[in-house]
Amino acid sequence: MATPSAALLCCLVALLLWTGPGYLIAWRLRVAPDLRAAVAPILGWGVGNVAALNAATLFGFSPLTVLATTSTIAVGAALGPALRAAPKQGPSRMPLWVVAAAAVVAVAPAMAVLPKVSAAGVALADAIYDHSKIALVDEMVRSGVPPANPFVGAPDGGAGTTAYYYYWLFGAAQLARITGAGGWAADAAATWFTAFASLSLMCGLAFRLGGGRAAAPVFVLATVCGASLRPIIVVLLGHERADAMLLDSLAGWLFQTSWSPHHVAAATAVVLTLVFMERLAREAPTTGDSLGPAVVIGALVAAAFGSSLWVGGITFVLCAAAATAVLTGCAAAGRRLAFLAALSVAAVVAVVLVLPLLTAQFHAAAARGGGPQVTIAPCPVFGPAIPAALSGWLDLPAYWLILLPVAFPAASILGAVAAFRLKSREVPVLSAAALASLCGGWLLVSTAGTNNDLGWRAILPAILILTAFAGAWFAHALYRRRIAATCAAIALAGLALPDGLRLVRDNVAGRLSADGARFADAPALWAAVRRHAGVDARVAGNPRLMSGLTPWPINLSWALLADRRSCFAGEEYALAFAAWSQPARAAAAARFERVFAGTGSTEDLGALVGDFGCQVIVLTPQDGAFDRDPFAHDPRFILLEDAPGRFRIWRANR
């Protein structure tokens, strides 16, 4: 089970592995001093992971490969040829205490991943549901990259492939591989690093746009600690009426970093790409000066896409198109052609790097069927209290006038004001990209799953940009002693704090469910399974084992603790990680439910081996099959271990 000490060790390794090389790359690219430390974490993570992934694919995934690749990048950045273009100096260097404060605030989302152990059992935050992808981190540590599919098996018992965007998870796998910590602790550390990197970039942009005033990043850190105004609406209207009037369909930085840090990492890489694009249009008139930044931009785009199809793929295209239109129009005539040529080089680099994953995702989407994966429809704002005939039309303006101010009060309101009031060369391109990002959340809907992941995640680049804008605008208002504007900004940030503090409390305290006491014994269960299952064996366990640990029923104990592949981890996992149609997923789920309920037929037992490649089967007292064990009377299965009242392990006699 993950421990804070193991997670802390992984955090330190992440800082050394990515922030140091990132700073050297920023220095070599002549990034202005006021932004250099701010961009270092995400820059080192983006470029370093892309290089490490390709090196691990060619030479094997080992600590030596990762460290050698990182060292090569650092040495190359330190000793490579200097660019001729001098950077535009910012007002001053951002204080190091701001970076330290960002590191402290970043602990809040990371706490959502760690277990909370007490005498009563193990409490887990609800966000751990989305971190069940830790099984893929452990898979990469065991078998390397490209990763096998640990979630579903095949009749031939093969490793299978993973079409999911696993780049962020590969970063966590590096931490686990180097330190020897498990995937769970490494995932917590990677979540912290993602939060830290995104905060650093937001603080750096706010500091630069705010004229080098420390109040700008301080306001950013205060803003991200808040969430929405919904609790205030609930106090005014009551729970039932609030739910009937207004849907809660968007979430801010704190929630999204706690639940899905890979999307936040992609958004941070997208925003940094936009910053580099602006500089490329302004300062790189020659091929020699533009080649290095173009390659870095390509690597960042690849990192963003590899971490999130929705943010680094679709949303980036929207943001980049808007940014390119602005930059092309503003660029001097002599630089316009060089700028477009450099963007073309960056595009080629990005496509080459993401082509294997893009091809795999295309084939997986085609195999799943179900028609277009993205459609156009307005983001729903109003609840059932508003007639459907009206809400469809009212949702269009209400997204901008109601939903965004409620979900992100300080960022949406102050950021929008700042977009018109701030005077800086970065503002037009970032404003255009933020508008494109918000339009993606407004009108785009993903249909691949049961949730609109595209709409939820498309707003992330805008959240980062507008939060930085809000911090800069607050610093200007404070410096110019605009009392009304300063008080309004503090009020907007303060009103969002109760919901943010609730999220922090939930992350820190977790939720102790009825399965929490059973989960305390789960490490022993899965240690026994590992004794009987080789590193490439597939294990059959009840997909709904300890399902009370999470808001939606999954076998979280397998995902976090097994360190072995499953032959069918459940319908939820198959949706994301298997190229199966909906009827195939439902049929598999029904078969496994019958088997572990103890009502499976002889045909069902044979299908576990023949259709899913199951080699080891584990039963627990929570399974109906524990008391009416169908494997005990089937000669195709051999009993390996029987711990009375705790678990029973069988092996398929293939």
# chains A, B, ... in the order shown; residues from 1 in each chain; ligands from 1
$ residues_around --residues "Ala26 of chain A" --least-positions-apart "4" --cutoff "9 Å" --atoms "only C-alpha atoms" --output "VMD selection string"
chain A and resid 21 to 22 30 to 32 35 to 37 39 to 40 43 to 44 77
$ select_by_dssp --residues "segment 347-588 of chain A" --states "helix (DSSP H, G or I)" --output "PDB file with C-alpha atoms, in the first residue's frame"
ATOM      1  CA  ALA A 347       3.801  19.913 -36.626  1.00  0.00           C
ATOM      2  CA  VAL A 348       5.930  17.308 -38.398  1.00  0.00           C
ATOM      3  CA  VAL A 349       7.855  16.561 -35.172  1.00  0.00           C
ATOM      4  CA  ALA A 350       4.603  16.204 -33.222  1.00  0.00           C
ATOM      5  CA  VAL A 351       2.948  13.934 -35.794  1.00  0.00           C
ATOM      6  CA  VAL A 352       5.982  11.650 -35.990  1.00  0.00           C
ATOM      7  CA  LEU A 353       6.078  11.326 -32.203  1.00  0.00           C
ATOM      8  CA  VAL A 354       2.348  10.664 -31.722  1.00  0.00           C
ATOM      9  CA  LEU A 355       1.714   8.593 -34.846  1.00  0.00           C
ATOM     10  CA  PRO A 356       1.837   5.162 -33.121  1.00  0.00           C
ATOM     11  CA  LEU A 357      -0.629   6.204 -30.425  1.00  0.00           C
ATOM     12  CA  LEU A 358      -2.833   8.082 -32.890  1.00  0.00           C
ATOM     13  CA  THR A 359      -3.033   5.016 -35.141  1.00  0.00           C
ATOM     14  CA  ALA A 360      -3.874   2.744 -32.209  1.00  0.00           C
ATOM     15  CA  GLN A 361      -6.630   5.088 -31.021  1.00  0.00           C
ATOM     16  CA  PHE A 362      -8.092   5.327 -34.514  1.00  0.00           C
ATOM     17  CA  HIS A 363      -8.274   1.549 -34.870  1.00  0.00           C
ATOM     18  CA  ALA A 364      -9.712   1.147 -31.359  1.00  0.00           C
ATOM     19  CA  ALA A 365     -12.427   3.720 -32.044  1.00  0.00           C
ATOM     20  CA  ALA A 366     -13.318   1.980 -35.308  1.00  0.00           C
ATOM     21  CA  ALA A 367     -13.497  -1.408 -33.570  1.00  0.00           C
ATOM     22  CA  ARG A 368     -15.794  -0.092 -30.837  1.00  0.00           C
ATOM     23  CA  ALA A 388     -36.737  21.181 -22.141  1.00  0.00           C
ATOM     24  CA  ALA A 389     -38.201  23.246 -24.968  1.00  0.00           C
ATOM     25  CA  LEU A 390     -36.671  26.366 -23.422  1.00  0.00           C
ATOM     26  CA  SER A 391     -33.496  25.051 -21.846  1.00  0.00           C
ATOM     27  CA  GLY A 392     -32.002  23.979 -25.162  1.00  0.00           C
ATOM     28  CA  TRP A 393     -31.981  27.594 -26.345  1.00  0.00           C
ATOM     29  CA  LEU A 394     -31.300  29.175 -22.985  1.00  0.00           C
ATOM     30  CA  ASP A 395     -28.278  26.930 -22.441  1.00  0.00           C
ATOM     31  CA  LEU A 396     -26.366  28.748 -25.183  1.00  0.00           C
ATOM     32  CA  PRO A 397     -26.095  32.164 -23.478  1.00  0.00           C
ATOM     33  CA  ALA A 398     -26.386  30.717 -19.955  1.00  0.00           C
ATOM     34  CA  TYR A 399     -23.078  28.892 -20.399  1.00  0.00           C
ATOM     35  CA  TRP A 400     -21.276  32.248 -20.564  1.00  0.00           C
ATOM     36  CA  LEU A 401     -23.502  34.306 -18.285  1.00  0.00           C
ATOM     37  CA  ILE A 402     -24.308  31.791 -15.533  1.00  0.00           C
ATOM     38  CA  LEU A 403     -22.372  28.536 -15.653  1.00  0.00           C
ATOM     39  CA  LEU A 404     -18.851  29.916 -16.078  1.00  0.00           C
ATOM     40  CA  PRO A 405     -19.225  32.601 -13.360  1.00  0.00           C
ATOM     41  CA  VAL A 406     -20.671  30.025 -10.962  1.00  0.00           C
ATOM     42  CA  ALA A 407     -18.035  27.376 -11.693  1.00  0.00           C
ATOM     43  CA  PRO A 409     -16.015  33.068 -10.383  1.00  0.00           C
ATOM     44  CA  ALA A 410     -12.617  34.742 -10.090  1.00  0.00           C
ATOM     45  CA  ALA A 411     -11.042  33.240 -13.225  1.00  0.00           C
ATOM     46  CA  SER A 412     -13.991  33.778 -15.568  1.00  0.00           C
ATOM     47  CA  ILE A 413     -14.999  37.272 -14.456  1.00  0.00           C
ATOM     48  CA  LEU A 414     -11.646  38.812 -13.572  1.00  0.00           C
ATOM     49  CA  GLY A 415      -9.866  36.931 -16.345  1.00  0.00           C
ATOM     50  CA  ALA A 416     -12.320  38.232 -18.937  1.00  0.00           C
ATOM     51  CA  VAL A 417     -11.844  41.802 -17.703  1.00  0.00           C
ATOM     52  CA  ALA A 418      -8.075  41.349 -17.733  1.00  0.00           C
ATOM     53  CA  ALA A 419      -8.129  40.058 -21.309  1.00  0.00           C
ATOM     54  CA  PHE A 420      -9.330  43.513 -22.394  1.00  0.00           C
ATOM     55  CA  ARG A 421      -7.345  45.595 -19.915  1.00  0.00           C
ATOM     56  CA  VAL A 427      -2.327  38.680 -23.988  1.00  0.00           C
ATOM     57  CA  PRO A 428      -3.899  38.634 -27.507  1.00  0.00           C
ATOM     58  CA  VAL A 429      -2.716  35.126 -28.374  1.00  0.00           C
ATOM     59  CA  LEU A 430      -3.571  33.696 -24.956  1.00  0.00           C
ATOM     60  CA  SER A 431      -6.965  35.410 -24.992  1.00  0.00           C
ATOM     61  CA  ALA A 432      -7.793  33.950 -28.396  1.00  0.00           C
ATOM     62  CA  ALA A 433      -6.751  30.491 -27.238  1.00  0.00           C
ATOM     63  CA  ALA A 434      -8.793  30.813 -24.029  1.00  0.00           C
ATOM     64  CA  LEU A 435     -11.864  31.756 -26.059  1.00  0.00           C
ATOM     65  CA  ALA A 436     -11.353  28.757 -28.337  1.00  0.00           C
ATOM     66  CA  SER A 437     -10.928  26.496 -25.297  1.00  0.00           C
ATOM     67  CA  LEU A 438     -14.160  27.752 -23.726  1.00  0.00           C
ATOM     68  CA  CYS A 439     -15.992  27.330 -27.025  1.00  0.00           C
ATOM     69  CA  GLY A 440     -14.877  23.706 -27.031  1.00  0.00           C
ATOM     70  CA  GLY A 441     -16.500  23.190 -23.643  1.00  0.00           C
ATOM     71  CA  TRP A 442     -19.548  25.095 -24.839  1.00  0.00           C
ATOM     72  CA  LEU A 443     -20.376  23.088 -27.961  1.00  0.00           C
ATOM     73  CA  ASP A 453     -15.052  13.981 -21.153  1.00  0.00           C
ATOM     74  CA  LEU A 454     -14.259  16.312 -24.034  1.00  0.00           C
ATOM     75  CA  GLY A 455     -16.538  19.067 -22.761  1.00  0.00           C
ATOM     76  CA  TRP A 456     -15.273  18.734 -19.195  1.00  0.00           C
ATOM     77  CA  ARG A 457     -11.585  18.828 -20.186  1.00  0.00           C
ATOM     78  CA  ALA A 458     -11.674  21.257 -23.120  1.00  0.00           C
ATOM     79  CA  LEU A 460      -8.732  23.419 -18.916  1.00  0.00           C
ATOM     80  CA  PRO A 461      -6.375  25.588 -21.025  1.00  0.00           C
ATOM     81  CA  ALA A 462      -8.799  28.487 -20.556  1.00  0.00           C
ATOM     82  CA  ILE A 463      -8.897  27.939 -16.785  1.00  0.00           C
ATOM     83  CA  LEU A 464      -5.106  28.129 -16.583  1.00  0.00           C
ATOM     84  CA  ILE A 465      -4.897  31.210 -18.794  1.00  0.00           C
ATOM     85  CA  LEU A 466      -7.752  33.123 -17.170  1.00  0.00           C
ATOM     86  CA  THR A 467      -6.504  32.341 -13.676  1.00  0.00           C
ATOM     87  CA  ALA A 468      -3.132  33.845 -14.593  1.00  0.00           C
ATOM     88  CA  PHE A 469      -4.911  36.841 -16.134  1.00  0.00           C
ATOM     89  CA  ALA A 470      -6.969  37.300 -12.967  1.00  0.00           C
ATOM     90  CA  GLY A 471      -3.826  37.303 -10.825  1.00  0.00           C
ATOM     91  CA  ALA A 472      -2.162  39.898 -13.047  1.00  0.00           C
ATOM     92  CA  TRP A 473      -5.239  42.121 -13.062  1.00  0.00           C
ATOM     93  CA  PHE A 474      -5.516  41.915  -9.274  1.00  0.00           C
ATOM     94  CA  ALA A 475      -1.884  42.996  -8.897  1.00  0.00           C
ATOM     95  CA  HIS A 476      -2.458  46.007 -11.165  1.00  0.00           C
ATOM     96  CA  ALA A 477      -5.619  46.985  -9.294  1.00  0.00           C
ATOM     97  CA  LEU A 478      -3.890  46.680  -5.948  1.00  0.00           C
ATOM     98  CA  TYR A 479      -0.854  48.660  -7.098  1.00  0.00           C
ATOM     99  CA  ILE A 483     -10.269  49.910  -3.921  1.00  0.00           C
ATOM    100  CA  ALA A 484     -13.548  48.793  -5.475  1.00  0.00           C
ATOM    101  CA  ALA A 485     -11.848  46.516  -8.028  1.00  0.00           C
ATOM    102  CA  THR A 486      -9.523  45.036  -5.396  1.00  0.00           C
ATOM    103  CA  CYS A 487     -12.389  44.336  -2.995  1.00  0.00           C
ATOM    104  CA  ALA A 488     -14.452  42.768  -5.788  1.00  0.00           C
ATOM    105  CA  ALA A 489     -11.573  40.462  -6.684  1.00  0.00           C
ATOM    106  CA  ILE A 490     -11.056  39.411  -3.065  1.00  0.00           C
ATOM    107  CA  ALA A 491     -14.796  38.812  -2.702  1.00  0.00           C
ATOM    108  CA  LEU A 492     -14.981  36.590  -5.788  1.00  0.00           C
ATOM    109  CA  ALA A 493     -12.022  34.524  -4.631  1.00  0.00           C
ATOM    110  CA  GLY A 494     -13.350  34.367  -1.066  1.00  0.00           C
ATOM    111  CA  LEU A 495     -16.846  33.246  -2.047  1.00  0.00           C
ATOM    112  CA  ALA A 496     -15.342  30.269  -3.884  1.00  0.00           C
ATOM    113  CA  LEU A 497     -13.209  29.186  -0.920  1.00  0.00           C
ATOM    114  CA  PRO A 498     -15.869  27.164   1.004  1.00  0.00           C
ATOM    115  CA  ASP A 499     -16.324  24.729  -1.881  1.00  0.00           C
ATOM    116  CA  GLY A 500     -12.564  24.520  -2.396  1.00  0.00           C
ATOM    117  CA  LEU A 501     -11.913  23.832   1.273  1.00  0.00           C
ATOM    118  CA  ARG A 502     -14.562  21.110   1.144  1.00  0.00           C
ATOM    119  CA  LEU A 503     -12.676  19.462  -1.715  1.00  0.00           C
ATOM    120  CA  VAL A 504      -9.399  19.725   0.209  1.00  0.00           C
ATOM    121  CA  ARG A 505     -11.044  18.204   3.283  1.00  0.00           C
ATOM    122  CA  ASP A 506     -12.424  15.319   1.225  1.00  0.00           C
ATOM    123  CA  ASN A 507      -8.992  14.725  -0.308  1.00  0.00           C
ATOM    124  CA  VAL A 508      -7.261  14.728   3.071  1.00  0.00           C
ATOM    125  CA  ALA A 509      -9.839  12.779   5.111  1.00  0.00           C
ATOM    126  CA  GLY A 516     -12.640   0.055   4.116  1.00  0.00           C
ATOM    127  CA  ALA A 517     -11.950  -2.561   6.794  1.00  0.00           C
ATOM    128  CA  ARG A 518     -11.740  -5.337   4.183  1.00  0.00           C
ATOM    129  CA  PHE A 519      -9.365  -3.236   2.104  1.00  0.00           C
ATOM    130  CA  ALA A 522      -6.234  -6.647   0.605  1.00  0.00           C
ATOM    131  CA  PRO A 523      -2.407  -6.341   0.448  1.00  0.00           C
ATOM    132  CA  ALA A 524      -2.094  -9.828   1.955  1.00  0.00           C
ATOM    133  CA  LEU A 525      -4.634 -11.193  -0.530  1.00  0.00           C
ATOM    134  CA  TRP A 526      -2.811  -9.855  -3.555  1.00  0.00           C
ATOM    135  CA  ALA A 527       0.584 -10.834  -2.192  1.00  0.00           C
ATOM    136  CA  ALA A 528      -0.718 -14.410  -2.111  1.00  0.00           C
ATOM    137  CA  VAL A 529      -1.940 -14.084  -5.683  1.00  0.00           C
ATOM    138  CA  ARG A 530       1.475 -12.856  -6.819  1.00  0.00           C
ATOM    139  CA  ARG A 531       3.104 -15.912  -5.275  1.00  0.00           C
ATOM    140  CA  HIS A 532       1.109 -18.099  -7.654  1.00  0.00           C
ATOM    141  CA  SER A 547     -17.092  -1.953  -4.898  1.00  0.00           C
ATOM    142  CA  GLY A 548     -18.130   0.286  -2.010  1.00  0.00           C
ATOM    143  CA  LEU A 549     -14.684   1.899  -1.986  1.00  0.00           C
ATOM    144  CA  LEU A 556     -10.131  -0.990  -6.863  1.00  0.00           C
ATOM    145  CA  SER A 557      -8.134  -3.448  -4.766  1.00  0.00           C
ATOM    146  CA  TRP A 558      -6.943  -5.191  -7.938  1.00  0.00           C
ATOM    147  CA  ALA A 559      -6.084  -1.912  -9.673  1.00  0.00           C
ATOM    148  CA  LEU A 560      -4.032  -0.537  -6.779  1.00  0.00           C
ATOM    149  CA  LEU A 561      -2.502  -3.624  -5.187  1.00  0.00           C
ATOM    150  CA  ALA A 562      -2.442  -6.649  -7.480  1.00  0.00           C
ATOM    151  CA  GLU A 571     -17.044  -3.203 -17.998  1.00  0.00           C
ATOM    152  CA  GLU A 572     -15.786   0.249 -16.964  1.00  0.00           C
ATOM    153  CA  TYR A 573     -12.191  -0.671 -17.770  1.00  0.00           C
ATOM    154  CA  ALA A 574     -13.148  -2.429 -20.995  1.00  0.00           C
ATOM    155  CA  LEU A 575     -14.869   0.740 -22.185  1.00  0.00           C
ATOM    156  CA  ALA A 576     -11.624   2.735 -22.018  1.00  0.00           C
ATOM    157  CA  PHE A 577      -9.001   0.100 -22.663  1.00  0.00           C
ATOM    158  CA  GLN A 582     -20.977  -2.293 -26.178  1.00  0.00           C
ATOM    159  CA  PRO A 583     -22.745  -5.681 -26.529  1.00  0.00           C
ATOM    160  CA  ALA A 584     -19.402  -7.492 -26.141  1.00  0.00           C
ATOM    161  CA  ARG A 585     -18.590  -5.540 -22.970  1.00  0.00           C
ATOM    162  CA  ALA A 586     -22.020  -6.209 -21.501  1.00  0.00           C
ATOM    163  CA  ALA A 587     -21.846  -9.927 -22.304  1.00  0.00           C
ATOM    164  CA  ALA A 588     -18.423 -10.268 -20.666  1.00  0.00           C
TER     165      ALA A 588
END
$ residues_around --residues "Pro63 of chain A" --least-positions-apart "6" --cutoff "8 Å" --atoms "only C-alpha atoms" --output "list of chain:residue names"
A:Gln174, A:Arg177, A:Ile178
$ closest_residue --among "A:Val145, A:Leu114, A:Ala206, A:Ile459" --to "Val270 of chain A" --atoms "only C-alpha atoms"
A:Ile459
$ atom_distance --atom1 "atom CA of Pro635 of chain A" --atom2 "atom CA of Cys614 of chain A"
15.5 Å
$ residues_around --residues "Tyr129 of chain A" --least-positions-apart "2" --cutoff "10 Å" --atoms "only C-alpha atoms" --output "JSON, numbers by chain"
{"A": [113, 124, 125, 126, 127, 131, 132, 133, 259, 260, 549, 550, 551, 552, 553, 554, 555, 556, 559]}
$ select_by_dssp --residues "segment 273-445 of chain A" --states "strand (DSSP E)" --output "list in words"
Val374, Thr375, Ile376, Leu444 and Val445 of chain A
$ closest_residue --among "A:Ser308, A:Thr273, A:Thr599, A:Thr194" --to "Tyr164 of chain A" --atoms "only C-alpha atoms"
A:Ser308
$ atom_distance --atom1 "atom CA of Ile25 of chain A" --atom2 "atom CA of Gly48 of chain A"
10.2 Å
$ residues_around --residues "Gly534 of chain A" --least-positions-apart "5" --cutoff "10 Å" --atoms "only C-alpha atoms" --output "PDB file with N, CA and C atoms, in the first residue's frame"
ATOM      1  N   VAL A 529      -1.704 -13.872  -4.252  1.00  0.00           N
ATOM      2  CA  VAL A 529      -1.940 -14.084  -5.683  1.00  0.00           C
ATOM      3  C   VAL A 529      -0.630 -13.984  -6.454  1.00  0.00           C
ATOM      4  N   VAL A 539      -5.137 -12.735 -14.089  1.00  0.00           N
ATOM      5  CA  VAL A 539      -5.868 -13.148 -12.898  1.00  0.00           C
ATOM      6  C   VAL A 539      -7.341 -12.812 -13.069  1.00  0.00           C
ATOM      7  N   ARG A 564      -0.599  -7.308 -11.110  1.00  0.00           N
ATOM      8  CA  ARG A 564      -0.761  -8.391 -12.073  1.00  0.00           C
ATOM      9  C   ARG A 564      -1.882  -8.024 -13.039  1.00  0.00           C
ATOM     10  N   ARG A 565      -1.856  -8.626 -14.213  1.00  0.00           N
ATOM     11  CA  ARG A 565      -2.884  -8.367 -15.208  1.00  0.00           C
ATOM     12  C   ARG A 565      -4.189  -9.056 -14.829  1.00  0.00           C
ATOM     13  N   GLN A 615      -5.673 -17.371 -16.024  1.00  0.00           N
ATOM     14  CA  GLN A 615      -4.768 -18.429 -15.565  1.00  0.00           C
ATOM     15  C   GLN A 615      -4.881 -18.680 -14.069  1.00  0.00           C
ATOM     16  N   VAL A 616      -5.187 -17.639 -13.307  1.00  0.00           N
ATOM     17  CA  VAL A 616      -5.335 -17.759 -11.856  1.00  0.00           C
ATOM     18  C   VAL A 616      -6.663 -17.125 -11.471  1.00  0.00           C
TER      19      VAL A 616
END
$ atom_distance --atom1 "atom CA of Arg230 of chain A" --atom2 "atom CA of Leu512 of chain A"
25.1 Å
$ residues_around --residues "Phe276 of chain A" --least-positions-apart "6" --cutoff "10 Å" --atoms "only C-alpha atoms" --output "ChimeraX atom specification"
/A:29,31,270,282,293-294,296-297,426
$ write_last_selection --atoms "C-alpha atoms" --output "CSV table (one decimal), in the first residue's frame"
chain,number,residue,atom,x,y,z
A,29,LEU,CA,16.0,28.7,-25.5
A,31,VAL,CA,13.3,32.2,-22.1
A,270,VAL,CA,-0.7,23.4,-24.4
A,282,ARG,CA,8.2,37.7,-32.6
A,293,PRO,CA,12.0,26.1,-30.4
A,294,ALA,CA,10.1,24.4,-33.2
A,296,VAL,CA,10.6,21.8,-28.4
A,297,ILE,CA,7.1,22.9,-29.5
A,426,GLU,CA,1.2,37.6,-24.8
$ closest_residue --among "A:Leu280, A:Leu58, A:Val381, A:Leu444" --to "Arg335 of chain A" --atoms "only C-alpha atoms"
A:Leu280
$ closest_residue --among "A:Ala68, A:Ile73, A:Ala176, A:Ser143" --to "Gly160 of chain A" --atoms "only C-alpha atoms"
A:Ser143
$ closest_residue --among "A:Pro4, A:Pro33, A:Gly210, A:Gly204" --to "Pro115 of chain A" --atoms "only C-alpha atoms"
A:Pro4
$ closest_residue --among "A:Asp515, A:Asp243, A:Asp536, A:Glu641" --to "Asn149 of chain A" --atoms "only C-alpha atoms"
A:Asp536
